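Visitor: Below is data.cif; it holds mmCIF, C-alpha atoms.
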```cif
data_final
loop_
_atom_site.label_atom_id
_atom_site.label_comp_id
_atom_site.auth_asym_id
_atom_site.auth_seq_id
_atom_site.Cartn_x
_atom_site.Cartn_y
_atom_site.Cartn_z
CA MET A 1 29.52 57.43 25.62
CA THR A 2 26.56 55.32 24.55
CA VAL A 3 26.42 52.02 22.71
CA LYS A 4 24.07 51.97 19.69
CA ASN A 5 25.95 50.05 17.01
CA ILE A 6 27.25 46.56 17.66
CA THR A 7 29.58 44.57 15.43
CA VAL A 8 29.75 40.82 16.09
CA LEU A 9 32.85 38.99 14.81
CA GLY A 10 32.14 35.34 14.04
CA SER A 11 28.74 34.05 12.91
CA GLY A 12 28.72 30.61 14.54
CA ILE A 13 26.24 29.48 17.23
CA MET A 14 27.29 32.16 19.69
CA GLY A 15 27.88 34.95 17.15
CA HIS A 16 24.55 34.76 15.36
CA GLY A 17 22.75 34.36 18.70
CA ILE A 18 24.38 37.52 20.10
CA ALA A 19 23.57 39.36 16.85
CA GLN A 20 19.92 38.29 17.14
CA VAL A 21 19.42 39.30 20.80
CA SER A 22 21.12 42.65 20.12
CA ALA A 23 18.92 43.39 17.09
CA MET A 24 15.82 42.31 19.04
CA SER A 25 16.65 45.00 21.60
CA GLY A 26 16.94 47.75 19.00
CA TYR A 27 20.68 47.79 18.29
CA ASN A 28 22.04 48.18 14.76
CA VAL A 29 24.12 45.08 14.20
CA VAL A 30 26.85 44.20 11.73
CA LEU A 31 27.61 40.47 11.63
CA ARG A 32 31.06 39.73 10.23
CA ASP A 33 32.74 36.50 9.16
CA ILE A 34 35.57 35.53 6.81
CA GLU A 35 33.25 34.13 4.11
CA GLN A 36 29.82 35.20 2.86
CA GLN A 37 28.55 31.59 2.89
CA PHE A 38 29.03 31.46 6.71
CA LEU A 39 27.06 34.68 7.03
CA ASP A 40 24.25 33.42 4.78
CA LYS A 41 23.94 30.28 6.91
CA ALA A 42 23.86 32.40 10.08
CA MET A 43 21.10 34.64 8.69
CA GLU A 44 19.03 31.56 7.80
CA LYS A 45 19.28 30.44 11.44
CA ILE A 46 18.30 33.88 12.72
CA LYS A 47 15.31 33.91 10.35
CA TRP A 48 14.29 30.43 11.52
CA SER A 49 14.54 31.51 15.17
CA LEU A 50 12.45 34.64 14.57
CA GLU A 51 9.84 32.64 12.60
CA LYS A 52 9.46 30.39 15.65
CA LEU A 53 8.84 33.44 17.83
CA VAL A 54 6.23 34.70 15.34
CA SER A 55 4.48 31.30 15.24
CA LYS A 56 4.36 31.27 19.07
CA GLU A 57 2.98 34.83 18.94
CA LYS A 58 5.89 36.15 21.02
CA ILE A 59 6.58 38.77 18.33
CA SER A 60 4.65 39.96 15.26
CA LYS A 61 5.71 39.40 11.64
CA GLN A 62 6.31 43.15 11.43
CA GLU A 63 8.65 43.06 14.46
CA SER A 64 10.51 40.11 12.93
CA ASP A 65 11.05 42.05 9.67
CA SER A 66 12.19 45.07 11.63
CA ILE A 67 14.71 42.97 13.63
CA LEU A 68 16.12 41.44 10.43
CA SER A 69 16.45 44.89 8.85
CA ARG A 70 18.77 45.89 11.72
CA ILE A 71 21.29 43.11 10.93
CA LYS A 72 23.79 43.65 8.13
CA THR A 73 26.34 41.05 7.04
CA VAL A 74 29.84 42.16 6.03
CA VAL A 75 33.03 40.24 5.13
CA ASP A 76 35.50 43.14 5.05
CA LEU A 77 36.75 43.80 8.61
CA LYS A 78 37.41 47.53 8.21
CA GLU A 79 33.94 48.05 6.70
CA ALA A 80 32.37 45.93 9.48
CA VAL A 81 33.68 48.08 12.33
CA LYS A 82 33.59 51.58 10.83
CA SER A 83 30.50 52.74 12.73
CA ALA A 84 30.69 50.34 15.71
CA ASP A 85 30.55 51.47 19.33
CA MET A 86 31.26 47.98 20.61
CA VAL A 87 32.78 44.94 18.89
CA ILE A 88 31.79 41.58 20.37
CA GLU A 89 34.17 38.87 19.24
CA ALA A 90 32.78 35.32 19.12
CA VAL A 91 35.45 33.39 17.18
CA PRO A 92 36.45 29.84 18.28
CA GLU A 93 38.13 29.35 21.67
CA ILE A 94 41.71 29.22 20.37
CA MET A 95 44.06 31.75 21.94
CA GLU A 96 46.28 32.23 18.87
CA LEU A 97 43.23 32.76 16.65
CA LYS A 98 41.77 35.35 19.02
CA LYS A 99 45.10 37.20 19.23
CA LYS A 100 45.36 37.23 15.43
CA VAL A 101 41.80 38.60 15.13
CA TYR A 102 42.52 41.35 17.68
CA SER A 103 45.79 42.41 16.06
CA GLU A 104 43.91 42.90 12.75
CA LEU A 105 40.95 44.54 14.49
CA ASP A 106 43.13 46.92 16.52
CA GLN A 107 44.62 48.35 13.32
CA VAL A 108 41.30 49.16 11.65
CA ALA A 109 39.05 50.07 14.60
CA ASP A 110 38.64 53.60 15.87
CA LYS A 111 40.26 54.17 19.29
CA ARG A 112 36.88 54.88 20.95
CA ILE A 113 35.48 51.41 20.15
CA ILE A 114 35.05 48.95 23.03
CA PHE A 115 36.42 45.44 22.44
CA ALA A 116 34.43 42.65 24.14
CA SER A 117 35.42 38.98 23.97
CA ASN A 118 32.78 36.28 24.31
CA THR A 119 35.29 33.79 25.70
CA SER A 120 34.24 31.18 28.24
CA THR A 121 37.69 30.41 29.67
CA LEU A 122 40.53 32.35 28.03
CA PRO A 123 42.30 35.04 30.08
CA ILE A 124 40.88 38.49 29.30
CA THR A 125 44.01 40.36 30.44
CA GLU A 126 46.28 38.35 28.16
CA ILE A 127 44.12 38.99 25.09
CA ALA A 128 43.62 42.66 26.06
CA ASN A 129 47.39 43.21 26.30
CA THR A 130 47.81 42.26 22.63
CA THR A 131 45.83 45.40 21.74
CA SER A 132 46.60 49.11 22.09
CA ARG A 133 43.49 49.57 24.30
CA PRO A 134 43.54 47.18 27.28
CA ASP A 135 41.56 49.82 29.22
CA ARG A 136 38.69 49.48 26.69
CA PHE A 137 38.75 45.67 26.61
CA ILE A 138 36.33 43.42 28.53
CA GLY A 139 35.07 39.83 28.70
CA ILE A 140 31.38 39.30 27.93
CA HIS A 141 30.54 35.61 28.24
CA PHE A 142 27.10 34.75 26.86
CA PHE A 143 25.80 31.23 27.50
CA ASN A 144 24.65 28.86 24.82
CA PRO A 145 22.17 29.46 23.21
CA PRO A 146 22.24 33.26 23.75
CA GLN A 147 18.59 33.54 22.63
CA LEU A 148 17.45 31.43 25.63
CA MET A 149 20.09 31.67 28.35
CA LYS A 150 19.62 34.58 30.74
CA LEU A 151 23.13 34.76 32.21
CA VAL A 152 26.04 36.84 30.90
CA GLU A 153 29.32 36.91 32.80
CA VAL A 154 31.09 40.28 32.58
CA ILE A 155 34.84 40.01 33.19
CA PRO A 156 37.07 43.08 33.44
CA GLY A 157 40.75 42.59 32.65
CA GLN A 158 43.43 44.03 34.96
CA LYS A 159 43.44 47.35 33.07
CA THR A 160 39.74 47.66 32.11
CA ASP A 161 38.34 51.11 32.84
CA GLN A 162 35.36 51.14 35.27
CA GLN A 163 33.29 53.15 32.74
CA ILE A 164 33.67 50.28 30.25
CA VAL A 165 32.47 47.81 32.91
CA ASN A 166 29.40 50.00 33.56
CA LEU A 167 28.63 50.39 29.84
CA THR A 168 28.94 46.63 29.30
CA VAL A 169 26.62 45.87 32.23
CA ASP A 170 24.10 48.38 30.83
CA TYR A 171 24.30 46.72 27.40
CA VAL A 172 23.74 43.25 28.94
CA LYS A 173 20.67 44.49 30.82
CA SER A 174 19.37 46.23 27.69
CA VAL A 175 19.33 42.91 25.78
CA LYS A 176 17.21 41.49 28.66
CA LYS A 177 20.01 39.39 30.16
CA GLU A 178 21.23 39.11 33.73
CA PRO A 179 24.83 40.27 34.23
CA VAL A 180 27.10 38.75 36.84
CA ILE A 181 30.46 40.48 37.28
CA CYS A 182 33.49 38.29 37.81
CA LYS A 183 35.61 40.93 39.55
CA LYS A 184 38.91 39.25 38.76
CA ASP A 185 40.13 37.63 35.57
CA VAL A 186 40.41 34.17 37.16
CA PRO A 187 40.58 30.81 35.35
CA GLY A 188 37.06 29.62 34.41
CA PHE A 189 35.46 32.87 35.61
CA ILE A 190 32.48 31.83 37.79
CA VAL A 191 30.34 29.18 36.08
CA ASN A 192 33.07 27.14 34.39
CA ARG A 193 35.12 27.22 37.57
CA LEU A 194 32.21 25.35 39.18
CA PHE A 195 31.09 23.15 36.28
CA ILE A 196 34.23 21.85 34.49
CA PRO A 197 36.06 20.54 37.61
CA MET A 198 32.84 18.85 38.75
CA VAL A 199 32.64 16.79 35.53
CA HIS A 200 36.11 15.40 36.29
CA GLU A 201 35.24 14.84 39.96
CA ALA A 202 32.18 12.83 38.86
CA CYS A 203 34.52 10.60 36.81
CA TRP A 204 36.76 10.09 39.89
CA LEU A 205 33.68 9.31 42.03
CA LYS A 206 32.53 6.68 39.52
CA GLN A 207 36.00 5.10 39.45
CA ARG A 208 36.55 5.13 43.23
CA GLU A 209 33.09 4.07 44.40
CA ASN A 210 31.99 1.97 41.42
CA TYR A 211 28.68 3.78 41.00
CA THR A 212 26.87 3.66 37.66
CA LEU A 213 26.50 6.78 35.51
CA GLU A 214 22.76 6.78 36.22
CA GLU A 215 23.23 6.52 40.00
CA ILE A 216 25.58 9.52 40.06
CA ASP A 217 23.40 11.51 37.67
CA SER A 218 20.25 10.76 39.69
CA ALA A 219 21.99 12.01 42.85
CA VAL A 220 23.18 15.16 41.07
CA LYS A 221 19.67 15.85 39.83
CA PHE A 222 17.56 14.87 42.83
CA THR A 223 19.92 15.45 45.77
CA MET A 224 21.97 18.41 44.49
CA GLY A 225 19.15 20.13 42.55
CA PHE A 226 20.73 20.20 39.09
CA PRO A 227 18.34 20.29 36.11
CA MET A 228 19.98 17.09 34.79
CA GLY A 229 22.79 14.74 35.75
CA ILE A 230 26.41 15.92 35.49
CA PHE A 231 27.31 13.32 32.82
CA GLU A 232 24.12 14.21 30.96
CA LEU A 233 25.06 17.89 31.16
CA ALA A 234 28.59 17.10 29.93
CA ASP A 235 27.17 15.21 26.92
CA PHE A 236 24.86 18.13 26.24
CA THR A 237 27.76 20.62 26.42
CA GLY A 238 30.17 18.52 24.34
CA MET A 239 33.44 16.84 25.25
CA ASP A 240 35.30 19.11 22.82
CA VAL A 241 34.20 22.16 24.84
CA ILE A 242 34.97 20.47 28.18
CA HIS A 243 38.37 19.16 27.05
CA LYS A 244 39.50 22.57 25.72
CA ALA A 245 38.26 24.32 28.86
CA THR A 246 40.10 21.74 30.99
CA ILE A 247 43.39 22.46 29.25
CA GLU A 248 42.91 26.23 29.63
CA LEU A 249 42.06 25.92 33.32
CA GLN A 250 44.98 23.64 34.03
CA ILE A 251 47.52 25.85 32.24
CA ARG A 252 46.47 28.77 34.40
CA ASP A 253 45.91 27.12 37.77
CA LYS A 254 46.72 23.55 38.83
CA LYS A 255 44.54 23.94 41.94
CA VAL A 256 41.32 24.48 39.99
CA ILE A 257 41.05 21.07 38.36
CA PHE A 258 42.08 17.45 38.89
CA PRO A 259 41.68 16.05 35.37
CA HIS A 260 40.38 12.54 34.88
CA PRO A 261 41.90 10.83 31.78
CA HIS A 262 38.48 9.57 30.63
CA ILE A 263 37.50 13.08 29.37
CA GLU A 264 40.55 13.27 27.12
CA LYS A 265 39.92 9.70 25.94
CA LEU A 266 36.31 10.50 24.97
CA TYR A 267 37.58 13.61 23.15
CA ASN A 268 40.29 11.65 21.28
CA ASP A 269 37.78 8.91 20.39
CA LYS A 270 35.47 11.62 18.98
CA LYS A 271 32.76 10.60 21.46
CA LEU A 272 31.81 14.21 22.07
CA GLY A 273 28.36 13.60 23.52
CA GLN A 274 24.95 14.23 22.07
CA LYS A 275 26.29 15.90 18.89
CA THR A 276 28.16 12.73 17.82
CA GLY A 277 25.61 10.21 19.14
CA GLU A 278 27.85 9.04 22.00
CA GLY A 279 29.69 10.50 24.97
CA PHE A 280 29.19 9.15 28.47
CA TYR A 281 25.85 7.85 27.19
CA LYS A 282 24.73 6.61 23.76
CA TYR A 283 22.03 8.48 21.83
CA SER A 284 19.92 6.76 19.21
CA ASP A 285 18.88 9.59 16.90
CA GLU A 286 18.90 13.30 16.13
CA LYS A 287 16.28 14.37 18.63
CA TYR A 288 17.46 15.00 22.18
CA GLU A 289 16.49 12.21 24.53
CA ARG A 290 16.71 12.36 28.31
CA VAL A 291 18.51 9.67 30.28
CA GLN A 292 16.18 7.84 32.67
CA LEU A 293 17.01 9.07 36.17
CA ASP A 294 14.95 8.65 39.33
CA GLU A 295 14.92 9.24 43.08
CA GLU A 296 15.39 5.55 43.92
CA LEU A 297 18.66 5.48 41.96
CA ALA A 298 19.67 8.73 43.67
CA LYS A 299 19.50 7.01 47.08
CA LYS A 300 22.21 4.56 46.00
CA CYS A 301 24.83 7.29 45.55
CA ASN A 302 26.29 9.68 48.12
CA PRO A 303 27.45 12.71 46.10
CA ILE A 304 29.26 14.45 49.01
CA SER A 305 32.55 14.59 47.07
CA LEU A 306 30.74 16.44 44.23
CA VAL A 307 29.11 18.85 46.69
CA ALA A 308 32.55 19.35 48.27
CA ASN A 309 34.15 19.99 44.87
CA ILE A 310 31.67 22.65 43.73
CA LEU A 311 31.59 24.26 47.18
CA ASN A 312 35.39 24.39 47.43
CA ASN A 313 35.61 26.18 44.07
CA ALA A 314 32.81 28.58 45.06
CA ALA A 315 34.68 29.31 48.31
CA TRP A 316 37.90 29.89 46.34
CA LEU A 317 36.13 32.56 44.24
CA VAL A 318 35.06 34.38 47.43
CA THR A 319 38.45 34.06 49.16
CA ASN A 320 40.20 35.40 46.06
CA LYS A 321 37.76 38.32 45.81
CA ALA A 322 36.57 37.30 42.33
CA SER A 323 32.95 37.14 43.48
CA ASP A 324 30.68 36.82 46.51
CA ILE A 325 28.20 34.18 47.60
CA THR A 326 25.10 36.05 46.31
CA GLU A 327 26.58 36.53 42.81
CA ILE A 328 27.91 32.94 42.69
CA GLU A 329 24.44 31.60 43.56
CA LYS A 330 22.88 33.80 40.86
CA ALA A 331 25.44 32.58 38.29
CA ALA A 332 24.87 28.92 39.27
CA GLN A 333 21.11 29.28 39.11
CA LEU A 334 21.06 31.03 35.72
CA GLY A 335 24.12 29.41 34.12
CA LEU A 336 23.78 25.84 35.39
CA GLY A 337 20.04 25.79 36.11
CA LEU A 338 20.46 24.87 39.80
CA LYS A 339 17.12 24.48 41.54
CA LYS A 340 18.59 25.25 44.98
CA PRO A 341 21.58 27.29 46.16
CA ILE A 342 24.99 25.57 46.46
CA PHE A 343 25.50 26.77 50.04
CA ASP A 344 22.03 25.47 51.04
CA THR A 345 22.90 22.02 49.68
CA ALA A 346 26.19 22.24 51.60
CA LYS A 347 24.30 22.92 54.84
CA GLU A 348 22.10 19.85 54.21
CA PHE A 349 25.25 17.71 54.00
CA GLY A 350 26.89 19.63 56.87
CA ILE A 351 29.94 21.87 56.43
CA LYS A 352 31.85 19.74 58.96
CA ASN A 353 31.14 16.59 56.93
CA ILE A 354 32.21 18.32 53.71
CA ILE A 355 35.49 19.51 55.27
CA SER A 356 36.10 16.02 56.63
CA GLU A 357 35.45 14.59 53.12
CA LEU A 358 37.90 17.08 51.56
CA ASN A 359 40.58 16.38 54.18
CA GLY A 360 40.17 12.63 53.65
CA LEU A 361 40.49 13.04 49.86
CA ALA A 362 43.51 15.34 50.31
CA GLN A 363 45.30 12.71 52.41
CA LYS A 364 44.65 10.05 49.78
CA TYR A 365 44.96 12.01 46.54
CA GLY A 366 46.87 15.21 47.25
CA ALA A 367 46.69 18.96 47.86
CA PHE A 368 44.05 19.59 45.16
CA TYR A 369 41.38 18.58 47.71
CA GLU A 370 42.49 20.78 50.60
CA PRO A 371 39.51 22.81 51.88
CA ASP A 372 39.47 26.55 51.16
CA PRO A 373 40.00 28.76 54.25
CA LEU A 374 36.45 30.16 53.84
CA LEU A 375 34.98 26.68 54.40
CA THR A 376 37.10 26.04 57.48
CA SER A 377 35.91 29.38 58.89
CA MET A 378 32.27 28.35 58.35
CA GLN A 379 32.23 25.19 60.48
#
```
Take the structure from the file and write it as structure tokens.
Guide:
Amino acid sequence: MTVKNITVLGSGIMGHGIAQVSAMSGYNVVLRDIEQQFLDKAMEKIKWSLEKLVSKEKISKQESDSILSRIKTVVDLKEAVKSADMVIEAVPEIMELKKKVYSELDQVADKRIIFASNTSTLPITEIANTTSRPDRFIGIHFFNPPQLMKLVEVIPGQKTDQQIVNLTVDYVKSVKKEPVICKKDVPGFIVNRLFIPMVHEACWLKQRENYTLEEIDSAVKFTMGFPMGIFELADFTGMDVIHKATIELQIRDKKVIFPHPHIEKLYNDKKLGQKTGEGFYKYSDEKYERVQLDEELAKKCNPISLVANILNNAAWLVTNKASDITEIEKAAQLGLGLKKPIFDTAKEFGIKNIISELNGLAQKYGAFYEPDPLLTSMQ
């Protein structure tokens, strides 16, 4: 079986981005949404994005026209999937909505069609089991924005056929992305299992040690090798995304996350970050402005608890056979923009020191902090 025709369900940020990268790599794409006005808006954004590539001389005007000619917009679901080889669903991260979409899709889609969900946290197996084809169902998590981000997490469900995994990996490579396979359908997959708990841990660190936001963010950037501070990254991602992911992670595994109430408070207060003008930081206008961080501020904060948190979750992924160190480092580099590997940073701090930090936190705050067996075996 080969994949030539892609149908993307949902034309929001992720949906139209996936449609664009697919069409740019020669696929015939049908973009589907519930109303034509959503599709028109999505096509305007795709046109704008392609015009930028033309103006930067990355592609020619002729190539841009050719890419656009490969994208069709359709409202009727049956019509949208009639010639599809793979359907990539990119509807909002609400389990009931996804299940509703798949129950409708399952009735109208040919049995040979692969179903791929662009979810960032929802359990693949649970969604797959609502369809008549769990063996042809897979997670395909593009990062935002799909046009720029290189990483795609590929997540097989419990019943996904190996041939479907191989076909999905081939598709990801064909759209010039880097696939990382999360071998088990675990909460948060790889990147969000590292990132979301660390946002909460940064809140606990601020509360316990009385550091400023800028001191913690400077340490995350300059000591831990992140492209920006963790609070800055959270504001960039959006508190709505982080809050929803937190709930999903917690429902599925209490050990993965130790939620700090401040995230929920920011969400309830509609301080979602950059998109609303305020999150952890305040933003003065529409254009993205960087928080002022520097190496002197970084020296004021010891981020060992943050290193311990991300390392413990990375170790958990290895222990539970969801991934291995090489793939985790690749996912962290491409998905979070890390300048240096997590396990290298851990060695700088000392594995013994990190285990001691985790044991100390576990005694004070509970079992969440207990070090993973992999870490204890590394000292």
Visitor: Selection in question (the file shown): the PyMOL selection byres ((chain A and resi 264-273) around 6). Which residues does it include, as a list in words?
Guide: Asp235, Gly238, Met239, Asp240, Pro261, His262, Ile263, Gln274, Lys275, Thr276, Glu278 and Gly279 of chain A
Visitor: Nearest residue to Met95 of chain A out of A:Ala322, A:Val75, A:Ile127, A:Ala202, using all atoms listed in the file?
Guide: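 Closest to Met95 of chain A of all the choices is A:Ile127.
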Visitor: So what does the PyMOL selection byres ((chain A and resi 5-15) around 9) actually pick up in this one, as a PyMOL selection string?
Guide: chain A and resi 3-4+16-20+22-23+27-34+38-39+41-43+77+80-81+83-92+101+118+142-146
Visitor: Rounded to one decimal, what separation in Å do you get between atom CA of Glu215 of chain A and atom CA of Glu232 of chain A?
Guide: 11.9 Å
Visitor: Give the answer as one residue: which of A:Tyr369, A:Trp48, A:Phe226, A:Phe231 has the shortest atom-to-atom distance to Phe258 of chain A, using only C-alpha atoms?
Guide: A:Tyr369
Visitor: Quick one: distance from atom CA of Leu50 of chain A to atom CA of Glu79 of chain A in Å, one decimal?
Guide: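 Separation between atom CA of Leu50 of chain A and atom CA of Glu79 of chain A: 26.5 Å.
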Visitor: By how many Å are atom CA of Leu205 of chain A and atom CA of Lys300 of chain A apart?
Guide: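 Result for atom CA of Leu205 of chain A versus atom CA of Lys300 of chain A: 13.0 Å, one decimal.
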Visitor: What box, with edges along x, y and z, holds each listed atom of segment 340-345 of chain A when 5 Å is added on every side, and can you state its centre and edge lengths in Å to one decimal, as lines of an AutoDock Vina configuration file?
Guide:
```
center_x = 22.0
center_y = 24.7
center_z = 48.0
size_x = 16.9
size_y = 15.3
size_z = 16.1
```
Visitor: Using all atoms listed in the file, pick whichever of A:Thr125, A:Gln333, A:Gln379, A:Ser66 has the shortest atom-to-atom distance to Gly350 of chain A.
Guide: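 Under the stated criterion, the closest residue is A:Gln379.
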Visitor: Pick from A:Met378, A:Ile251, A:Leu213, A:Ile230: nearest to Val307 of chain A, with only C-alpha atoms counted?
Guide: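 Looking at the shortest contact to Val307 of chain A, the residue is A:Ile230.
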Visitor: Which is closest to Ala332 of chain A among A:His200, A:Lys282, A:Lys299, A:Lys150, if we use all atoms listed in the file?
Guide: A:Lys150
Visitor: Out of A:Ile257, A:Val291, A:Cys182, A:Ile351, which residue has the shortest atom-to-atom distance to Ala367 of chain A when counting all atoms listed in the file?
Guide: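 That would be A:Ile257, the residue with the smallest distance to Ala367 of chain A.
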Visitor: Using the chain letters and numbers from this file, what does the PyMOL selection byres ((chain A and resi 353-359) around 6) select? Give the answer as an NGL selection string.
Guide: :A and (308 or 350-352 or 360-362 or 369-371)
Visitor: Could you list as a PyMOL selection string every residue that has an atom within 7 Å of (23.2, 34.9, 31.1), using the file's coordinates and counting all atoms listed in the file?
Guide: chain A and resi 142-143+149-153+177-179+334-335
Visitor: Please write the residues from the selection above to a file, keeping C-alpha atoms, as a compact mmCIF listing (two decimals), keeping the file's coordinate frame.
Guide:
```
# COMPACT_ATOMS: atom_id res chain seq x y z
CA PHE A 142 27.10 34.75 26.86
CA PHE A 143 25.80 31.23 27.50
CA MET A 149 20.09 31.67 28.35
CA LYS A 150 19.62 34.58 30.74
CA LEU A 151 23.13 34.76 32.21
CA VAL A 152 26.04 36.84 30.90
CA GLU A 153 29.32 36.91 32.80
CA LYS A 177 20.01 39.39 30.16
CA GLU A 178 21.23 39.11 33.73
CA PRO A 179 24.83 40.27 34.23
CA LEU A 334 21.06 31.03 35.72
CA GLY A 335 24.12 29.41 34.12
```
Visitor: Within 10 Å of (14.1, 37.9, 6.5) (coordinates as in the file), grab all the protein and nucleic acid residues, counting all atoms listed in the file, and write them out as a count of residues only.
Guide: 15
Visitor: Can you tell me, as a ChimeraX atom specification, what residues are no more than 12 Å from segment 163-166 of chain A when counting all atoms listed in the file, ignoring any on the same chain fewer than 4 positions away?
Guide: /A:1-3,85-86,112-116,133-140,153-159,170-173,179-183
